[in-house]
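Student: This is the structure I have questions about; it appears just below.
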Amino acid sequence: MLPTKKYFLTIRSDAMFSKEDYGKPISKGLSTVLRRTTSKDDLANIALRSNVSFSTIRDVVYRTNSLTKSNAKAIALLVHVAFENAIATKLQAEGDIIHLDKMLRL
């Protein structure tokens with residue numbers, strides 16, 4: 001039996017955000033993408049993983065709170081989840097298109 005290796009994703013918020021990003025709201029574009037591609041459950045799960053409150057994460061996403069060093073890790077994790085969700089949505093849409101195309105060709 002082969003040994004099981006565990007791989008852990010390291011999210012580096014310091015590489016994702018610059019000094020200029022801190023102390024002000026995230027960009028409108030990032031806010032829109034995060035709201036479109038994440039759910040309340042995603043925010044709650046990130047809150048548990050990052051020890052940043054759900055309400056703080058929500059407020060940063062909705063631009064009523066600024067990005068700080070202490071909440072940046074949570075937002076970076078949320079960006080990763082949003083990316084995964086966007087890929088899943090794209091794959092699902094591609095499958096739906098194939099299915100609907102077959103129906104329309106009848």
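Every chain in the structure tokens takes a letter, A first, then B, and so on in the order presented; its residues are numbered from 1, and the ligands are numbered from 1 following the presented order.
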Which residues come within 7 Å of Ser13 of chain A, counting only C-alpha atoms, excluding same-chain residues fewer than 3 positions away, as number ranges by chain?
Tutor: A: 16-17, 72-73, 76
Student: Quote the spacing between atom CA of Lys28 of chain A and atom CA of Arg63 of chain A in Å to one decimal place.
Tutor: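 Interatomic distance here is 7.9 Å.
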Student: Please report, as a PyMOL selection string, each residue of chain A to which DSSP assigns helix (DSSP H, G or I) when run on this structure's backbone.
Tutor: chain A and resi 13-16+19-21+28-37+40-50+54-61+69-104
Student: Interatomic distance between atom CA of Ser50 of chain A and atom CA of Asn71 of chain A?
Tutor: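 Here the two named atoms are 8.4 Å from each other.
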Student: What's around Asp14 of chain A at 12 Å? Count only C-alpha atoms, leave out sequence neighbours fewer than 4 positions away in its own chain, and write the answer as an MDAnalysis selection string.
Tutor: chainID A and resid 10 18:22 68:76
Student: Pick out the residues sitting within 10 Å of Arg49 of chain A, and hand them over as a PyMOL selection string; count only C-alpha atoms, and ignore anything fewer than 3 positions along from it in its own chain.
Tutor: chain A and resi 43-46+52+73-74+77
Student: Please produce a file of those selected residues containing C-alpha atoms, as a PDB file, in the first residue's frame.
Tutor:
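Generated file (result.pdb):
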ATOM      1  CA  LEU A  43     -18.851  32.891   3.962  1.00  0.00           C
ATOM      2  CA  ALA A  44     -19.753  30.904   7.088  1.00  0.00           C
ATOM      3  CA  ASN A  45     -17.220  28.178   6.251  1.00  0.00           C
ATOM      4  CA  ILE A  46     -14.496  30.751   5.634  1.00  0.00           C
ATOM      5  CA  VAL A  52     -12.730  36.194  11.086  1.00  0.00           C
ATOM      6  CA  LYS A  73      -6.668  35.999   4.864  1.00  0.00           C
ATOM      7  CA  ALA A  74     -10.429  35.388   4.944  1.00  0.00           C
ATOM      8  CA  LEU A  77      -9.725  32.190   1.037  1.00  0.00           C
TER       9      LEU A  77
END
Student: Using only C-alpha atoms, can you tell me which of A:Gln92, A:Ser55, A:Thr38, A:Asn65 comes closest to Leu78 of chain A?
Tutor: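 Using only C-alpha atoms, the shortest distance to Leu78 of chain A belongs to A:Thr38.
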Student: Here is a test: counting only C-alpha atoms, which residue of A:Arg105, A:Lys40, A:His99, A:Lys24 is nearest to Val60 of chain A?
Tutor: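 Once distances to Val60 of chain A are computed over only C-alpha atoms, the minimum belongs to A:Lys24.
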Student: Pick from A:Lys90, A:Ser27, A:Ser39, A:Met103: nearest to Thr64 of chain A, with only C-alpha atoms counted?
Tutor: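 Distance minimum relative to Thr64 of chain A lands on A:Ser27.
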Student: How many Å lie between atom CA of Leu48 of chain A and atom CA of Ile87 of chain A, rounded to one decimal?
Tutor: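 Atom-to-atom, atom CA of Leu48 of chain A and atom CA of Ile87 of chain A are spaced 23.5 Å apart.
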Student: List the neighbours of Leu34 of chain A out to 7 Å using only C-alpha atoms; skip same-chain residues closer than 5 positions along the sequence, and give me the result as a PyMOL selection string.
Tutor: chain A and resi 61+79+82
Student: Based on the selection just made, write N, CA and C atoms of those residues as an mmCIF file, in the first residue's frame.
Tutor:
data_model
loop_
_atom_site.group_PDB
_atom_site.id
_atom_site.type_symbol
_atom_site.label_atom_id
_atom_site.label_comp_id
_atom_site.auth_asym_id
_atom_site.auth_seq_id
_atom_site.Cartn_x
_atom_site.Cartn_y
_atom_site.Cartn_z
ATOM 1 N N VAL A 61 -16.972 42.132 1.701
ATOM 2 C CA VAL A 61 -17.472 41.761 0.372
ATOM 3 C C VAL A 61 -18.431 42.823 -0.159
ATOM 4 N N VAL A 79 -11.745 34.297 -2.189
ATOM 5 C CA VAL A 79 -11.399 34.403 -3.613
ATOM 6 C C VAL A 79 -11.149 33.008 -4.183
ATOM 7 N N ALA A 82 -14.465 31.275 -4.544
ATOM 8 C CA ALA A 82 -15.187 31.876 -5.666
ATOM 9 C C ALA A 82 -14.657 31.336 -6.988
#
